[in-house]
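Listing of target-v3.cif; format and content: mmCIF, C-alpha atoms and all ligand atoms.
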```cif
data_structure
loop_
_atom_site.label_atom_id
_atom_site.label_comp_id
_atom_site.auth_asym_id
_atom_site.auth_seq_id
_atom_site.Cartn_x
_atom_site.Cartn_y
_atom_site.Cartn_z
CA LEU Q 532 71.95 122.12 82.93
CA LYS Q 533 69.19 124.66 82.82
CA ASN Q 534 69.31 127.47 85.28
CA ILE Q 535 66.64 126.24 87.64
CA GLY Q 536 66.60 129.53 89.46
CA TYR Q 537 67.88 128.86 92.95
CA GLU Q 538 68.33 132.59 93.37
CA MET Q 539 65.27 134.62 94.07
CA SER Q 540 66.95 137.86 93.23
CA PHE Q 541 66.11 139.48 89.92
CA LYS Q 542 69.69 138.72 88.93
CA ILE Q 543 69.98 135.54 86.89
CA ILE Q 544 73.14 133.63 87.63
CA GLU Q 545 74.50 132.17 84.46
CA GLN Q 546 75.77 128.66 85.13
CA ALA Q 547 79.18 127.49 83.93
CA ARG Q 548 79.23 124.94 81.16
CA PRO Q 549 77.87 121.78 82.81
CA ARG Q 550 80.40 119.03 83.32
CA LEU Q 551 80.57 116.10 85.63
CA ASN Q 552 83.38 116.98 88.03
CA ARG Q 553 82.95 114.57 90.94
CA SER Q 554 86.54 113.42 90.79
CA GLU Q 555 89.58 115.16 89.35
CA LEU Q 556 92.81 113.22 89.02
CA ALA Q 557 96.20 114.91 89.32
CA VAL Q 558 98.79 113.33 87.02
CA PRO Q 559 102.37 114.67 86.98
CA GLY Q 560 103.44 115.67 83.48
CA SER Q 561 106.89 114.35 84.27
CA ASN Q 562 105.55 110.81 84.54
CA PRO Q 563 103.95 109.92 81.18
CA ALA Q 564 103.89 106.24 82.14
CA LEU Q 565 100.81 107.13 84.21
CA PHE Q 566 98.85 108.70 81.34
CA GLU Q 567 97.32 105.55 79.80
CA LYS Q 568 96.12 104.28 83.13
CA ALA Q 569 94.55 107.63 83.92
CA ALA Q 570 92.78 107.64 80.54
CA LYS Q 571 91.24 104.24 81.35
CA SER Q 572 90.20 105.14 84.91
CA LYS Q 573 86.71 106.09 86.06
CA VAL Q 574 87.67 109.69 86.80
CA ASP Q 575 85.56 112.58 85.48
CA VAL Q 576 88.33 115.16 84.95
CA ILE Q 577 92.08 114.74 84.56
CA PHE Q 578 94.59 117.49 85.06
CA LEU Q 579 98.06 116.86 83.76
CA ASP Q 580 100.38 118.80 86.01
CA LEU Q 581 103.15 121.18 85.01
CA GLU Q 582 103.24 122.94 88.35
CA ASP Q 583 104.07 121.65 91.81
CA ALA Q 584 104.45 117.93 91.08
CA VAL Q 585 107.17 118.75 88.55
CA ALA Q 586 110.69 119.78 89.57
CA PRO Q 587 112.22 122.85 87.84
CA ASP Q 588 114.67 120.73 85.85
CA GLU Q 589 111.81 118.67 84.44
CA LYS Q 590 109.46 121.45 83.39
CA GLU Q 591 110.45 121.47 79.71
CA GLN Q 592 110.29 117.70 79.34
CA ALA Q 593 106.98 117.54 81.20
CA ARG Q 594 105.52 120.09 78.78
CA LYS Q 595 106.65 117.92 75.85
CA ASN Q 596 105.22 114.78 77.47
CA ILE Q 597 101.87 116.45 77.98
CA ILE Q 598 101.64 117.77 74.43
CA GLU Q 599 102.50 114.33 73.11
CA GLY Q 600 100.04 112.65 75.45
CA LEU Q 601 97.23 115.02 74.51
CA ASN Q 602 97.80 114.33 70.82
CA ASP Q 603 98.43 110.60 70.92
CA ILE Q 604 96.38 109.08 73.71
CA ASP Q 605 92.69 108.25 73.51
CA TRP Q 606 91.36 110.02 76.59
CA ASN Q 607 87.86 108.74 75.98
CA THR Q 608 85.16 110.92 77.48
CA LYS Q 609 87.47 112.47 80.02
CA THR Q 610 87.42 116.20 80.50
CA MET Q 611 91.03 117.24 80.01
CA SER Q 612 92.89 119.99 81.80
CA VAL Q 613 96.49 121.00 82.36
CA ARG Q 614 97.70 122.77 85.46
CA ILE Q 615 100.03 125.43 84.14
CA ASN Q 616 102.75 127.11 86.16
CA GLY Q 617 101.99 130.21 88.18
CA LEU Q 618 101.98 133.76 86.88
CA ASP Q 619 105.07 134.48 88.96
CA THR Q 620 107.22 132.01 87.01
CA HIS Q 621 108.89 132.28 83.61
CA TYR Q 622 107.37 128.93 82.58
CA MET Q 623 103.79 130.07 82.36
CA TYR Q 624 103.68 131.90 79.02
CA LYS Q 625 105.27 128.97 77.19
CA ASP Q 626 102.94 126.52 78.94
CA VAL Q 627 99.96 128.38 77.50
CA VAL Q 628 101.36 129.15 74.06
CA GLU Q 629 102.73 125.67 73.40
CA LEU Q 630 99.70 123.81 74.75
CA ILE Q 631 97.37 125.72 72.45
CA GLU Q 632 99.68 125.75 69.44
CA LYS Q 633 100.94 122.18 69.61
CA ALA Q 634 97.85 120.40 70.88
CA PRO Q 635 95.11 122.57 69.36
CA GLY Q 636 91.59 121.68 70.42
CA LYS Q 637 92.73 118.82 72.66
CA LEU Q 638 92.25 120.56 75.97
CA ASP Q 639 88.96 121.53 77.59
CA MET Q 640 90.38 123.66 80.35
CA ILE Q 641 93.55 124.94 81.93
CA MET Q 642 93.98 125.07 85.66
CA ILE Q 643 95.53 128.26 86.96
CA PRO Q 644 97.28 127.91 90.32
CA LYS Q 645 97.65 130.55 93.03
CA VAL Q 646 95.24 133.04 91.52
CA GLY Q 647 95.51 136.14 93.69
CA THR Q 648 93.57 138.87 91.92
CA ILE Q 649 91.04 139.24 89.14
CA SER Q 650 93.83 140.72 87.00
CA ASP Q 651 95.58 137.36 87.05
CA VAL Q 652 92.55 135.88 85.30
CA TYR Q 653 92.38 138.82 82.89
CA ALA Q 654 96.02 138.30 81.96
CA LEU Q 655 95.49 134.61 81.16
CA ASP Q 656 92.30 135.36 79.24
CA MET Q 657 94.22 137.89 77.15
CA LEU Q 658 97.04 135.46 76.42
CA CYS Q 659 94.74 132.52 75.58
CA THR Q 660 92.58 134.73 73.38
CA GLN Q 661 95.58 135.88 71.35
CA VAL Q 662 96.89 132.38 70.78
CA GLU Q 663 93.46 130.92 70.02
CA ASP Q 664 92.63 133.73 67.60
CA ASN Q 665 95.94 133.30 65.83
CA MET Q 666 95.25 129.57 65.50
CA GLN Q 667 91.66 130.30 64.42
CA LEU Q 668 90.36 127.92 67.06
CA GLU Q 669 86.63 127.74 67.67
CA LYS Q 670 87.02 125.95 70.96
CA LYS Q 671 87.93 128.28 73.79
CA LEU Q 672 89.69 126.99 76.89
CA GLY Q 673 87.74 127.06 80.12
CA PHE Q 674 89.53 128.11 83.30
CA GLU Q 675 89.72 126.29 86.60
CA LEU Q 676 91.15 128.50 89.31
CA ILE Q 677 92.90 127.27 92.42
CA ILE Q 678 92.21 129.45 95.42
CA GLU Q 679 95.16 128.64 97.63
CA THR Q 680 96.70 131.83 98.96
CA ALA Q 681 95.63 134.39 101.52
CA LEU Q 682 95.44 136.94 98.70
CA GLY Q 683 93.29 134.70 96.54
CA MET Q 684 90.94 133.95 99.42
CA GLN Q 685 90.70 137.63 100.32
CA ASN Q 686 89.75 138.42 96.72
CA VAL Q 687 87.77 135.29 95.94
CA ASN Q 688 84.44 137.07 95.43
CA GLU Q 689 85.86 139.46 92.87
CA ILE Q 690 87.93 136.72 91.16
CA ALA Q 691 84.85 134.51 90.80
CA SER Q 692 82.94 137.36 89.17
CA TYR Q 693 85.23 137.42 86.11
CA ASN Q 694 82.74 136.84 83.37
CA ARG Q 695 84.59 134.86 80.72
CA ARG Q 696 85.94 131.30 80.61
CA LEU Q 697 85.53 130.49 84.31
CA GLU Q 698 84.24 127.03 85.17
CA SER Q 699 85.33 126.13 88.68
CA LEU Q 700 87.10 127.19 91.87
CA HIS Q 701 89.34 124.71 93.68
CA PHE Q 702 90.50 124.80 97.29
CA GLY Q 703 94.26 124.16 97.33
CA VAL Q 704 94.65 123.25 100.95
CA ALA Q 705 98.42 122.68 100.96
CA ASP Q 706 99.41 126.04 99.53
CA TYR Q 707 96.66 127.71 101.50
CA ALA Q 708 98.17 126.37 104.72
CA ALA Q 709 101.60 127.61 103.62
CA SER Q 710 100.33 131.01 102.60
CA THR Q 711 98.39 131.61 105.80
CA LYS Q 712 101.32 130.18 107.80
CA ALA Q 713 98.98 127.67 109.38
CA LYS Q 714 100.75 125.51 111.96
CA THR Q 715 100.36 122.22 110.11
CA THR Q 716 102.31 120.18 107.59
CA VAL Q 717 99.77 117.64 106.36
CA ILE Q 718 97.80 118.02 103.11
CA GLY Q 719 94.15 118.42 104.06
CA GLY Q 720 92.35 116.58 106.78
CA PRO Q 721 91.84 117.52 110.40
CA ASN Q 722 94.52 118.60 112.82
CA PRO Q 723 94.59 117.39 116.44
CA ASN Q 724 95.57 120.86 117.59
CA TYR Q 725 92.37 122.31 116.23
CA HIS Q 726 90.07 121.35 119.07
CA VAL Q 727 88.26 122.66 122.10
CA LEU Q 728 88.19 121.02 125.51
CA THR Q 729 84.91 120.33 127.23
CA ASP Q 730 84.34 122.36 130.37
CA ILE Q 731 85.91 121.55 133.74
CA ASP Q 732 83.41 119.40 135.59
CA GLY Q 733 84.83 118.05 138.86
CA ASP Q 734 87.11 115.07 138.23
CA LYS Q 735 85.55 114.18 134.91
CA VAL Q 736 88.01 113.61 132.10
CA ARG Q 737 87.77 116.52 129.71
CA GLU Q 738 87.08 115.54 126.13
CA LYS Q 739 88.77 116.94 123.06
CA HIS Q 740 86.31 117.96 120.37
CA TRP Q 741 88.06 118.18 117.04
CA GLY Q 742 86.97 120.84 114.61
CA ASP Q 743 87.48 121.23 110.87
CA MET Q 744 90.17 123.89 110.51
CA TRP Q 745 89.36 124.34 106.79
CA HIS Q 746 85.67 124.95 107.26
CA HIS Q 747 85.70 128.71 106.84
CA ALA Q 748 87.92 128.70 103.77
CA VAL Q 749 86.03 125.97 101.94
CA SER Q 750 82.70 127.53 102.78
CA LYS Q 751 83.83 130.98 101.66
CA MET Q 752 85.01 129.55 98.34
CA VAL Q 753 81.76 127.62 97.86
CA ILE Q 754 79.73 130.80 98.30
CA ALA Q 755 81.87 132.74 95.82
CA ALA Q 756 81.64 129.89 93.31
CA ARG Q 757 77.90 129.34 93.60
CA ALA Q 758 77.09 133.05 93.56
CA ASN Q 759 78.75 133.12 90.14
CA GLY Q 760 77.51 129.84 88.72
CA LEU Q 761 80.87 128.05 89.07
CA ARG Q 762 81.62 124.56 90.38
CA PRO Q 763 83.29 124.51 93.81
CA ILE Q 764 85.79 121.65 94.00
CA ASP Q 765 87.70 120.50 97.07
CA GLY Q 766 91.42 119.94 96.57
CA PRO Q 767 93.86 117.28 97.72
CA PHE Q 768 93.87 114.87 100.64
CA GLY Q 769 97.46 113.75 100.95
CA ASP Q 770 97.17 110.53 102.94
CA PHE Q 771 96.24 108.09 100.17
CA GLY Q 772 96.54 105.19 102.62
CA ASP Q 773 93.53 106.49 104.54
CA PRO Q 774 90.34 105.96 102.52
CA ASP Q 775 88.10 106.56 105.55
CA GLY Q 776 89.79 109.89 106.19
CA TYR Q 777 89.37 110.80 102.54
CA ARG Q 778 85.72 109.83 102.55
CA ALA Q 779 85.09 111.92 105.65
CA GLN Q 780 86.74 114.99 104.11
CA ALA Q 781 84.88 114.53 100.85
CA ASN Q 782 81.58 114.13 102.66
CA ARG Q 783 82.08 117.30 104.61
CA SER Q 784 82.95 119.18 101.40
CA ALA Q 785 79.88 117.79 99.65
CA THR Q 786 77.76 118.77 102.62
CA LEU Q 787 79.03 122.34 102.31
CA GLY Q 788 78.18 122.45 98.59
CA CYS Q 789 81.31 121.22 96.79
CA GLU Q 790 80.56 119.00 93.83
CA GLY Q 791 83.88 117.29 93.45
CA LYS Q 792 87.23 116.51 95.01
CA TRP Q 793 90.72 115.90 93.75
CA ALA Q 794 92.29 112.49 93.64
CA ILE Q 795 96.05 112.63 94.08
CA HIS Q 796 96.12 108.84 93.77
CA PRO Q 797 93.99 106.54 91.58
CA SER Q 798 92.59 104.84 94.68
CA GLN Q 799 90.81 108.09 95.57
CA ILE Q 800 88.82 108.24 92.30
CA GLU Q 801 86.09 105.81 93.25
CA LEU Q 802 85.82 107.33 96.71
CA ALA Q 803 85.20 110.76 95.21
CA ASN Q 804 82.73 109.46 92.63
CA GLU Q 805 80.84 107.63 95.36
CA VAL Q 806 80.63 110.55 97.76
CA MET Q 807 79.86 113.15 95.08
CA SER Q 808 77.07 111.16 93.42
CA PRO Q 809 73.61 111.17 94.92
CA SER Q 810 72.72 107.69 96.17
CA GLU Q 811 69.80 105.68 94.80
CA LYS Q 812 68.00 106.41 98.05
CA GLU Q 813 68.59 110.15 97.79
CA ILE Q 814 67.41 110.21 94.18
CA ASN Q 815 64.25 108.28 95.02
CA GLN Q 816 63.55 110.58 97.94
CA ALA Q 817 64.07 113.61 95.69
CA LYS Q 818 61.60 112.16 93.17
CA ARG Q 819 59.07 111.53 95.94
CA ILE Q 820 59.44 115.13 97.05
CA LEU Q 821 58.83 116.38 93.53
CA GLU Q 822 55.75 114.15 93.21
CA ALA Q 823 54.36 115.24 96.54
CA MET Q 824 54.90 118.89 95.65
CA ASP Q 825 53.20 118.31 92.32
CA GLU Q 826 50.16 117.04 94.18
CA ALA Q 827 50.39 119.98 96.57
CA LYS Q 828 50.43 122.39 93.67
CA LYS Q 829 47.33 120.80 92.15
CA ALA Q 830 45.60 121.14 95.52
CA GLY Q 831 46.67 124.79 95.66
CA LYS Q 832 49.04 124.28 98.60
CA GLY Q 833 52.60 125.62 99.01
CA ALA Q 834 53.66 123.23 101.73
CA VAL Q 835 52.72 119.69 102.73
CA SER Q 836 54.12 116.94 104.87
CA LEU Q 837 55.97 113.89 103.61
CA ASP Q 838 56.94 111.13 106.04
CA GLY Q 839 56.07 113.45 108.90
CA ARG Q 840 58.37 116.25 107.73
CA LEU Q 841 57.53 119.60 106.25
CA ILE Q 842 58.39 120.12 102.62
CA ASP Q 843 57.73 123.29 100.68
CA ILE Q 844 58.68 125.02 97.47
CA ALA Q 845 62.34 125.29 98.58
CA SER Q 846 62.31 121.49 98.80
CA ILE Q 847 61.57 121.39 95.08
CA ARG Q 848 64.79 123.28 94.39
CA GLN Q 849 66.86 120.97 96.61
CA ALA Q 850 65.31 117.92 94.96
CA GLU Q 851 65.86 119.29 91.47
CA VAL Q 852 69.58 119.75 92.17
CA LEU Q 853 69.82 116.04 92.96
CA VAL Q 854 67.73 114.89 90.04
CA GLU Q 855 69.67 117.05 87.56
CA LYS Q 856 72.95 115.66 88.88
CA ALA Q 857 71.65 112.11 88.54
CA LYS Q 858 70.72 112.82 84.91
CA LEU Q 859 74.20 114.16 84.20
CA ILE Q 860 75.75 110.99 85.66
CA GLN Q 861 73.40 108.77 83.68
CA GLY Q 862 74.23 110.60 80.47
CA LYS Q 863 77.94 109.95 80.92
C1 LIG Q 901 97.01 122.33 95.62
O1 LIG Q 901 97.52 122.86 94.69
C2 LIG Q 901 97.36 122.61 96.96
O2 LIG Q 901 98.25 123.45 97.16
O3 LIG Q 901 96.77 122.02 97.88
MG MG Q 902 99.03 124.26 95.32
#
```

What would you get if you wrote out this structure as C-alpha cells?
Amino acid sequence: LKNIGYEMSFKIIEQARPRLNRSELAVPGSNPALFEKAAKSKVDVIFLDLEDAVAPDEKEQARKNIIEGLNDIDWNTKTMSVRINGLDTHYMYKDVVELIEKAPGKLDMIMIPKVGTISDVYALDMLCTQVEDNMQLEKKLGFELIIETALGMQNVNEIASYNRRLESLHFGVADYAASTKAKTTVIGGPNPNYHVLTDIDGDKVREKHWGDMWHHAVSKMVIAARANGLRPIDGPFGDFGDPDGYRAQANRSATLGCEGKWAIHPSQIELANEVMSPSEKEINQAKRILEAMDEAKKAGKGAVSLDGRLIDIASIRQAEVLVEKAKLIQGK
C-alpha cells in the first residue's frame, strides 16, 4: 500500500507492511483439534495462543502442538501469528527461541501481550534478532502488540514509535479492565452502569443513555497506531452468542479507525470481515468522489458538490483509503 500521504506534516509516516487484518482468530495452542478448521476458515489472520487461553500445566504441550501445527498444516494464505507468554513469565524466552528454531520461516508475526513500555519491545526485538541471525533467516518476524494494561496505555505513544518490526496495536479489553480495576466482568461490549440519566423534567420518566466505556482507550490506541503507520485492531468480544452485539462493537471500532477485530469464536469471523470491508455501495461512492474531484481538478477547482454535499481534496484521501482497501481484499 503506497503511502498516500494522509499527513500534511513534512514528516512521512512509513506504513507497516500491508496485510489484510479484518478478522483475527484466536486459537488455543492446547487444542490442536481446532487448527485444521481454522486453516480452512475465511479469517485473515490466525494467532495460535500460548498465553491466557492455556493453563500453566499445558504450556509446554501447547508449544509443541503449535510448532507441529506450523510445520505440518497447510495454512493457505493465512497470515500466521503466535501469542507468546508475557515478559513477566518464565515461559516467554522458550516460546520465542523454540518457535523460531523449530518452525523457521513459518510464522509471519508474534503477538506480544501486556506490553507496558518501549523497552519491552526492545527486549523482544533483541531476542528475535539473535535467534534469527543464528538461524540465518531472511524472514524477520513482525510484532503485534496488545495494549491491555494501564501502563501500556499510558505509554502507548512511545511504544508505537518503536521503529522496527511493529505491524499492529491491539486493544485487549479484558486485561485492560482488570488492570484499570474497571467495575465490570464481561469481555468487551457496553456496560449498563456506564450511562447518564436525562434531566429531571416534571413527572417524565428519565431515560438511561448508555455510553461506550471503552471509547477513550480505543480511540487513544487508534491515534498512536495511525500516527506511526500501524494497524489498530480491536480485541475480543466475549459473548459469542450475540452476533448483533459483536457487530455493533465492531462497527464502532471501525468508525473510530480500527481496521480489524478479533474473533474468539469461528462464528465471529464473517461478522468481522463484513464490518471491516467497505461495502459495494461505499466503494462505488468513493469512486464517484474520485471522478468528481478529477473533473474539479481539470476545471481548476478545489471543491465541488456531489449529491448536494461538499467534497474537497480531503475527500480524495478518504475515498482513496476505501479504494485501496477494496483492492487489497480483491487481491486476496
Ligand atoms: C486480550 O488479551 C484481552 O485481555 O482482552
Ligand atoms: Mg489479555

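Take the candidates Q:Leu837, Q:Val576, Q:Ala705, Q:Ile631 and check each one against ligand MG 902 (chain Q) using all atoms listed in the file; the shortest distance goes to Q:Ala705.
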
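Neighbouring residues of Asn686 (chain Q) at 10 Å or closer, counting all atoms listed in the file and skipping chain neighbours under 5 positions away, are Val646, Gly647, Thr648, Ile649, Ile678, Thr680, Ala681, Ala691 and Ala755 of chain Q.
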
Show me which residues line ligand LIG 901 (chain Q), defined as having an atom within 9 Å of a ligand atom where only C-alpha atoms and all ligand atoms count, and present them as a PDB file with C-alpha atoms, in the coordinates of the input.
```
ATOM      1  CA  GLU Q 582     103.240 122.940  88.350  1.00  0.00           C
ATOM      2  CA  ASP Q 583     104.070 121.650  91.810  1.00  0.00           C
ATOM      3  CA  PRO Q 644      97.280 127.910  90.320  1.00  0.00           C
ATOM      4  CA  LYS Q 645      97.650 130.550  93.030  1.00  0.00           C
ATOM      5  CA  ILE Q 677      92.900 127.270  92.420  1.00  0.00           C
ATOM      6  CA  ILE Q 678      92.210 129.450  95.420  1.00  0.00           C
ATOM      7  CA  GLU Q 679      95.160 128.640  97.630  1.00  0.00           C
ATOM      8  CA  THR Q 680      96.700 131.830  98.960  1.00  0.00           C
ATOM      9  CA  HIS Q 701      89.340 124.710  93.680  1.00  0.00           C
ATOM     10  CA  PHE Q 702      90.500 124.800  97.290  1.00  0.00           C
ATOM     11  CA  GLY Q 703      94.260 124.160  97.330  1.00  0.00           C
ATOM     12  CA  VAL Q 704      94.650 123.250 100.950  1.00  0.00           C
ATOM     13  CA  ALA Q 705      98.420 122.680 100.960  1.00  0.00           C
ATOM     14  CA  ASP Q 706      99.410 126.040  99.530  1.00  0.00           C
ATOM     15  CA  TYR Q 707      96.660 127.710 101.500  1.00  0.00           C
ATOM     16  CA  ALA Q 708      98.170 126.370 104.720  1.00  0.00           C
ATOM     17  CA  ALA Q 709     101.600 127.610 103.620  1.00  0.00           C
ATOM     18  CA  ILE Q 718      97.800 118.020 103.110  1.00  0.00           C
ATOM     19  CA  GLY Q 719      94.150 118.420 104.060  1.00  0.00           C
ATOM     20  CA  GLY Q 766      91.420 119.940  96.570  1.00  0.00           C
ATOM     21  CA  PRO Q 767      93.860 117.280  97.720  1.00  0.00           C
ATOM     22  CA  PHE Q 768      93.870 114.870 100.640  1.00  0.00           C
ATOM     23  CA  GLY Q 769      97.460 113.750 100.950  1.00  0.00           C
TER      24      GLY Q 769
END
```

Any chance you could tabulate, as JSON lines, the residues of region 660-717 of chain Q at most 12 Å from region 542-545 of chain Q with each one's nearest atom pair and distance in Å to one decimal, using only C-alpha atoms, in chain and rising number order?
```
{"residue": "Q:Ser692", "atom": "CA", "partner": "Q:Ile544", "partner_atom": "CA", "distance": 10.6}
{"residue": "Q:Asn694", "atom": "CA", "partner": "Q:Glu545", "partner_atom": "CA", "distance": 9.5}
{"residue": "Q:Arg695", "atom": "CA", "partner": "Q:Glu545", "partner_atom": "CA", "distance": 11.1}
{"residue": "Q:Leu697", "atom": "CA", "partner": "Q:Glu545", "partner_atom": "CA", "distance": 11.2}
{"residue": "Q:Glu698", "atom": "CA", "partner": "Q:Glu545", "partner_atom": "CA", "distance": 11.0}
```

- Item | 12 Å contact set for Val727 (chain Q), only C-alpha atoms, chain neighbours under 2 positions out, as a PyMOL selection string | chain Q and resi 722-725+729-731+737-744

- Query: For ligand MG 902 (chain Q), which residue out of Q:Met657, Q:Trp793, Q:Lys571, Q:Glu663 is the nearest one, using only C-alpha atoms and all ligand atoms?
  - Reply: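 Ranked by minimum distance to ligand MG 902 (chain Q), first place goes to Q:Trp793.
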
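Straight-line separation from CA of Ile577 (chain Q) to CA of Ser554 (chain Q): 8.4 Å.
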
- Task: Using all atoms listed in the file, find the one residue out of Q:Thr786, Q:Lys863, Q:Arg550, Q:Lys590 that sits nearest to Lys573 (chain Q).
- Result: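 With all atoms listed in the file as the atom set, the closest residue is Q:Lys863.
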
- Task: Identify, on the basis of all atoms listed in the file, every residue whose closest approach to Cys659 (chain Q) does not exceed 9 Å; exclude the query and any residue fewer than 2 positions from it along the same chain; express the result as number ranges by chain.
- Result: Q: 627-628, 631, 654-657, 661-664, 671-672

- Counting all atoms listed in the file, what is within 10 Å of Asp770 (chain Q), bar same-chain residues fewer than 4 positions away, as a list in words?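 What passes the distance filter is Val717, Ile718, Gly719, Gly720, Pro774, Gly776, Tyr777, Ile795 and His796 of chain Q.
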
Keeping C-alpha atoms, export the residues of the selection given above as a PDB file, keeping the file's coordinate frame.
```
ATOM      1  CA  VAL Q 717      99.770 117.640 106.360  1.00  0.00           C
ATOM      2  CA  ILE Q 718      97.800 118.020 103.110  1.00  0.00           C
ATOM      3  CA  GLY Q 719      94.150 118.420 104.060  1.00  0.00           C
ATOM      4  CA  GLY Q 720      92.350 116.580 106.780  1.00  0.00           C
ATOM      5  CA  PRO Q 774      90.340 105.960 102.520  1.00  0.00           C
ATOM      6  CA  GLY Q 776      89.790 109.890 106.190  1.00  0.00           C
ATOM      7  CA  TYR Q 777      89.370 110.800 102.540  1.00  0.00           C
ATOM      8  CA  ILE Q 795      96.050 112.630  94.080  1.00  0.00           C
ATOM      9  CA  HIS Q 796      96.120 108.840  93.770  1.00  0.00           C
TER      10      HIS Q 796
END
```

- Which of these, Q:Leu700, Q:Ile800, Q:Ile754, Q:Ile814, has the shortest distance to Ala547 (chain Q) once you count only C-alpha atoms? Q:Leu700

- Task: Counting all atoms listed in the file, figure out which residue out of Q:Ile604, Q:Ala564, Q:Ile598, Q:Ala584 gets nearest to ligand MG 902 (chain Q).
- Result: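 Counting all atoms listed in the file, the residue closest to ligand MG 902 (chain Q) is Q:Ala584.
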
- Task: Show which residues sit within 7 Å of Ala781 (chain Q), as JSON, numbers by chain. Count only C-alpha atoms, and ignore same-chain residues fewer than 5 positions away.
- Result: {"Q": [792, 803, 806]}

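Using only C-alpha atoms, the shortest contact distance between Val749 (chain Q) and any of Q:Met807, Q:Val736, Q:Val687, Q:Leu802 is found at Q:Val687.
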
- Query: What is the CA of Leu728 (chain Q)-CA of Ala785 (chain Q) distance in Å, reported with one decimal?
  - Reply: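 It comes out at 27.4 Å.
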
- Item | Point-to-point distance in Å for CA of Asn804 (chain Q) and CA of Ser784 (chain Q) | 13.1 Å

Please return the centre and edge lengths, in Å to one decimal, of a box with edges along x, y and z that contains all listed atoms of region 551-566 of chain Q, widened by 5 Å on every side, as JSON.
```
{"center_x": 93.7, "center_y": 111.6, "center_z": 86.1, "size_x": 36.3, "size_y": 20.7, "size_z": 19.8}
```
